[in-house]
file coords12.pdb (PDB, C-alpha atoms)
ATOM      1  CA  MET A   3     -75.033  50.648 168.943  1.00  0.00           C
ATOM      2  CA  VAL A   4     -77.105  50.905 172.074  1.00  0.00           C
ATOM      3  CA  ASN A   5     -78.837  47.944 173.644  1.00  0.00           C
ATOM      4  CA  ILE A   6     -82.120  47.111 171.925  1.00  0.00           C
ATOM      5  CA  THR A   7     -84.819  45.547 174.112  1.00  0.00           C
ATOM      6  CA  GLU A   8     -86.690  42.906 172.138  1.00  0.00           C
ATOM      7  CA  ILE A   9     -90.496  42.936 171.974  1.00  0.00           C
ATOM      8  CA  PRO A  10     -92.029  39.456 172.235  1.00  0.00           C
ATOM      9  CA  ARG A  11     -94.230  38.383 169.284  1.00  0.00           C
ATOM     10  CA  SER A  12     -93.411  41.478 167.226  1.00  0.00           C
ATOM     11  CA  PRO A  13     -93.025  41.289 163.432  1.00  0.00           C
ATOM     12  CA  PRO A  14     -89.535  40.235 162.242  1.00  0.00           C
ATOM     13  CA  TYR A  15     -88.697  43.766 161.039  1.00  0.00           C
ATOM     14  CA  VAL A  16     -89.278  45.248 164.523  1.00  0.00           C
ATOM     15  CA  LYS A  17     -85.991  44.721 166.333  1.00  0.00           C
ATOM     16  CA  GLY A  18     -87.153  46.218 169.624  1.00  0.00           C
ATOM     17  CA  LEU A  19     -87.060  49.393 171.695  1.00  0.00           C
ATOM     18  CA  ILE A  20     -84.377  51.823 172.767  1.00  0.00           C
ATOM     19  CA  ASN A  21     -84.406  54.574 175.359  1.00  0.00           C
ATOM     20  CA  LEU A  22     -83.302  57.795 173.676  1.00  0.00           C
ATOM     21  CA  ARG A  23     -82.892  60.566 176.229  1.00  0.00           C
ATOM     22  CA  GLY A  24     -85.908  59.354 178.190  1.00  0.00           C
ATOM     23  CA  HIS A  25     -88.091  58.643 175.141  1.00  0.00           C
ATOM     24  CA  ILE A  26     -88.959  55.102 174.049  1.00  0.00           C
ATOM     25  CA  VAL A  27     -88.232  54.591 170.334  1.00  0.00           C
ATOM     26  CA  VAL A  28     -89.225  51.574 168.226  1.00  0.00           C
ATOM     27  CA  VAL A  29     -86.297  50.263 166.155  1.00  0.00           C
ATOM     28  CA  ILE A  30     -86.957  48.860 162.680  1.00  0.00           C
ATOM     29  CA  SER A  31     -84.648  46.827 160.434  1.00  0.00           C
ATOM     30  CA  LEU A  32     -84.772  48.300 156.927  1.00  0.00           C
ATOM     31  CA  SER A  33     -82.967  45.282 155.473  1.00  0.00           C
ATOM     32  CA  THR A  34     -85.724  42.975 156.750  1.00  0.00           C
ATOM     33  CA  ILE A  35     -88.479  45.189 155.323  1.00  0.00           C
ATOM     34  CA  MET A  36     -86.740  45.495 151.964  1.00  0.00           C
ATOM     35  CA  ARG A  37     -85.766  41.805 151.930  1.00  0.00           C
ATOM     36  CA  VAL A  38     -82.083  42.386 151.343  1.00  0.00           C
ATOM     37  CA  GLN A  39     -79.161  40.591 152.936  1.00  0.00           C
ATOM     38  CA  SER A  40     -78.317  42.187 156.256  1.00  0.00           C
ATOM     39  CA  ARG A  41     -74.801  42.458 157.598  1.00  0.00           C
ATOM     40  CA  GLU A  42     -73.752  41.477 161.055  1.00  0.00           C
ATOM     41  CA  LEU A  43     -73.862  44.401 163.474  1.00  0.00           C
ATOM     42  CA  ASP A  44     -70.405  45.947 163.705  1.00  0.00           C
ATOM     43  CA  ALA A  45     -68.646  49.153 164.760  1.00  0.00           C
ATOM     44  CA  ASN A  46     -70.176  51.031 161.788  1.00  0.00           C
ATOM     45  CA  THR A  47     -73.794  49.993 162.450  1.00  0.00           C
ATOM     46  CA  ARG A  48     -76.019  52.887 163.475  1.00  0.00           C
ATOM     47  CA  ILE A  49     -79.620  53.643 164.372  1.00  0.00           C
ATOM     48  CA  ILE A  50     -81.015  56.613 162.474  1.00  0.00           C
ATOM     49  CA  VAL A  51     -83.829  58.283 164.412  1.00  0.00           C
ATOM     50  CA  ALA A  52     -86.452  60.047 162.299  1.00  0.00           C
ATOM     51  CA  ASP A  53     -89.854  61.642 162.707  1.00  0.00           C
ATOM     52  CA  VAL A  54     -92.127  59.745 160.322  1.00  0.00           C
ATOM     53  CA  GLY A  55     -95.514  61.435 160.110  1.00  0.00           C
ATOM     54  CA  GLY A  56     -95.364  62.516 163.742  1.00  0.00           C
ATOM     55  CA  THR A  57     -94.031  59.177 165.020  1.00  0.00           C
ATOM     56  CA  VAL A  58     -90.399  58.983 166.103  1.00  0.00           C
ATOM     57  CA  MET A  59     -88.792  55.737 164.885  1.00  0.00           C
ATOM     58  CA  GLY A  60     -85.295  54.283 164.722  1.00  0.00           C
ATOM     59  CA  PHE A  61     -83.902  52.495 161.665  1.00  0.00           C
ATOM     60  CA  ILE A  62     -80.903  50.159 161.779  1.00  0.00           C
ATOM     61  CA  VAL A  63     -78.484  50.929 158.939  1.00  0.00           C
ATOM     62  CA  ASP A  64     -75.054  49.529 158.029  1.00  0.00           C
ATOM     63  CA  SER A  65     -73.315  52.882 158.390  1.00  0.00           C
ATOM     64  CA  VAL A  66     -73.784  56.646 158.323  1.00  0.00           C
ATOM     65  CA  SER A  67     -71.405  59.082 156.660  1.00  0.00           C
ATOM     66  CA  GLU A  68     -73.244  62.334 157.378  1.00  0.00           C
ATOM     67  CA  VAL A  69     -76.391  63.577 159.120  1.00  0.00           C
ATOM     68  CA  ILE A  70     -78.191  66.627 157.749  1.00  0.00           C
ATOM     69  CA  ARG A  71     -81.517  68.394 158.205  1.00  0.00           C
ATOM     70  CA  LEU A  72     -83.475  68.980 155.031  1.00  0.00           C
ATOM     71  CA  PRO A  73     -85.992  71.779 154.620  1.00  0.00           C
ATOM     72  CA  SER A  74     -89.272  70.599 153.089  1.00  0.00           C
ATOM     73  CA  LYS A  75     -88.559  72.652 149.935  1.00  0.00           C
ATOM     74  CA  ASN A  76     -85.760  70.153 149.143  1.00  0.00           C
ATOM     75  CA  ILE A  77     -88.075  67.119 149.205  1.00  0.00           C
ATOM     76  CA  GLU A  78     -89.753  66.047 145.955  1.00  0.00           C
ATOM     77  CA  PRO A  79     -92.079  63.240 144.852  1.00  0.00           C
ATOM     78  CA  THR A  80     -90.310  60.178 143.487  1.00  0.00           C
ATOM     79  CA  PRO A  81     -90.003  60.239 139.685  1.00  0.00           C
ATOM     80  CA  SER A  82     -92.120  57.632 137.883  1.00  0.00           C
ATOM     81  CA  ILE A  83     -89.006  56.059 136.342  1.00  0.00           C
ATOM     82  CA  ILE A  84     -88.106  54.879 139.841  1.00  0.00           C
ATOM     83  CA  THR A  85     -91.578  53.930 141.088  1.00  0.00           C
ATOM     84  CA  ASN A  86     -92.173  51.878 137.926  1.00  0.00           C
ATOM     85  CA  LYS A  87     -89.101  49.756 138.760  1.00  0.00           C
ATOM     86  CA  ILE A  88     -89.301  49.633 142.576  1.00  0.00           C
ATOM     87  CA  ARG A  89     -92.321  48.956 144.728  1.00  0.00           C
ATOM     88  CA  SER A  90     -93.544  52.459 145.520  1.00  0.00           C
ATOM     89  CA  GLU A  91     -94.062  51.837 149.240  1.00  0.00           C
ATOM     90  CA  TYR A  92     -90.266  51.736 149.699  1.00  0.00           C
ATOM     91  CA  ILE A  93     -89.480  55.133 148.210  1.00  0.00           C
ATOM     92  CA  LYS A  94     -92.028  57.914 148.749  1.00  0.00           C
ATOM     93  CA  VAL A  95     -89.872  61.008 148.172  1.00  0.00           C
ATOM     94  CA  LEU A  96     -86.370  62.065 147.187  1.00  0.00           C
ATOM     95  CA  ALA A  97     -84.235  64.845 148.597  1.00  0.00           C
ATOM     96  CA  ARG A  98     -82.092  67.230 146.602  1.00  0.00           C
TER      97      ARG A  98
END
call {"tool": "encode", "arguments": {"input": "coords12.pdb", "output": "structure tokens"}}
result
Amino acid sequence: MVNITEIPRSPPYVKGLINLRGHIVVVISLSTIMRVQSRELDANTRIIVADVGGTVMGFIVDSVSEVIRLPSKNIEPTPSIITNKIRSEYIKVLAR
């Protein structure tokens, strides 16, 4: 984990900013957004950096086993069986 600079008066899910190769990236806690128990930061904790609709953001996750690039043809809408059980703003698409 790199050092995260806190942002005063930001929402609880915004953990702060990091400098990634000269670019400032906002870091978000997915566990806070999804209201699940978060673990203490440890040697496995990572920040996943993703382009979300043209905005580069970082997401704190417990661990990462593999990083891949997915072509858009492998991304599908979420099936209704999932969106009927989970609030749809948490899962927009699935990858195959």
call {"tool": "atom_distance", "arguments": {"input": "coords12.pdb", "atom1": "CA of Val29 (chain A)", "atom2": "CA of Pro81 (chain A)"}}
result
28.5 Å
call {"tool": "resolve_selection", "arguments": {"input": "coords12.pdb", "expression": "the PyMOL selection byres ((chain A and resi 25) around 12)", "output": "list in words"}}
result
Leu19, Ile20, Asn21, Leu22, Arg23, Gly24, Ile26, Val27, Val28, Val51, Thr57, Val58, Met59 and Gly60 of chain A
call {"tool": "resolve_selection", "arguments": {"input": "coords12.pdb", "expression": "the PyMOL selection byres ((chain A and resi 65-72) around 9)", "output": "list in words"}}
result
Ala45, Asn46, Thr47, Arg48, Ile49, Ile50, Ile62, Val63, Asp64, Pro73, Ser74, Lys75, Asn76, Ile77, Ala97 and Arg98 of chain A
call {"tool": "atom_distance", "arguments": {"input": "coords12.pdb", "atom1": "CA of Ile30 (chain A)", "atom2": "CA of Gly18 (chain A)"}}
result
7.4 Å
call {"tool": "atom_distance", "arguments": {"input": "coords12.pdb", "atom1": "CA of Val4 (chain A)", "atom2": "CA of Lys17 (chain A)"}}
result
12.3 Å
call {"tool": "axis_aligned_box", "arguments": {"input": "coords12.pdb", "around": "region 34-49 of chain A", "padding_each_side": "8 Å", "output": "JSON"}}
result
{"center_x": -78.6, "center_y": 47.1, "center_z": 158.1, "size_x": 35.8, "size_y": 29.1, "size_z": 29.4}
call {"tool": "closest_residue", "arguments": {"input": "coords12.pdb", "among": "A:Lys94, A:Tyr15, A:Thr34, A:Met3", "to": "Val54 (chain A)", "atoms": "all atoms listed in the file"}}
result
A:Lys94
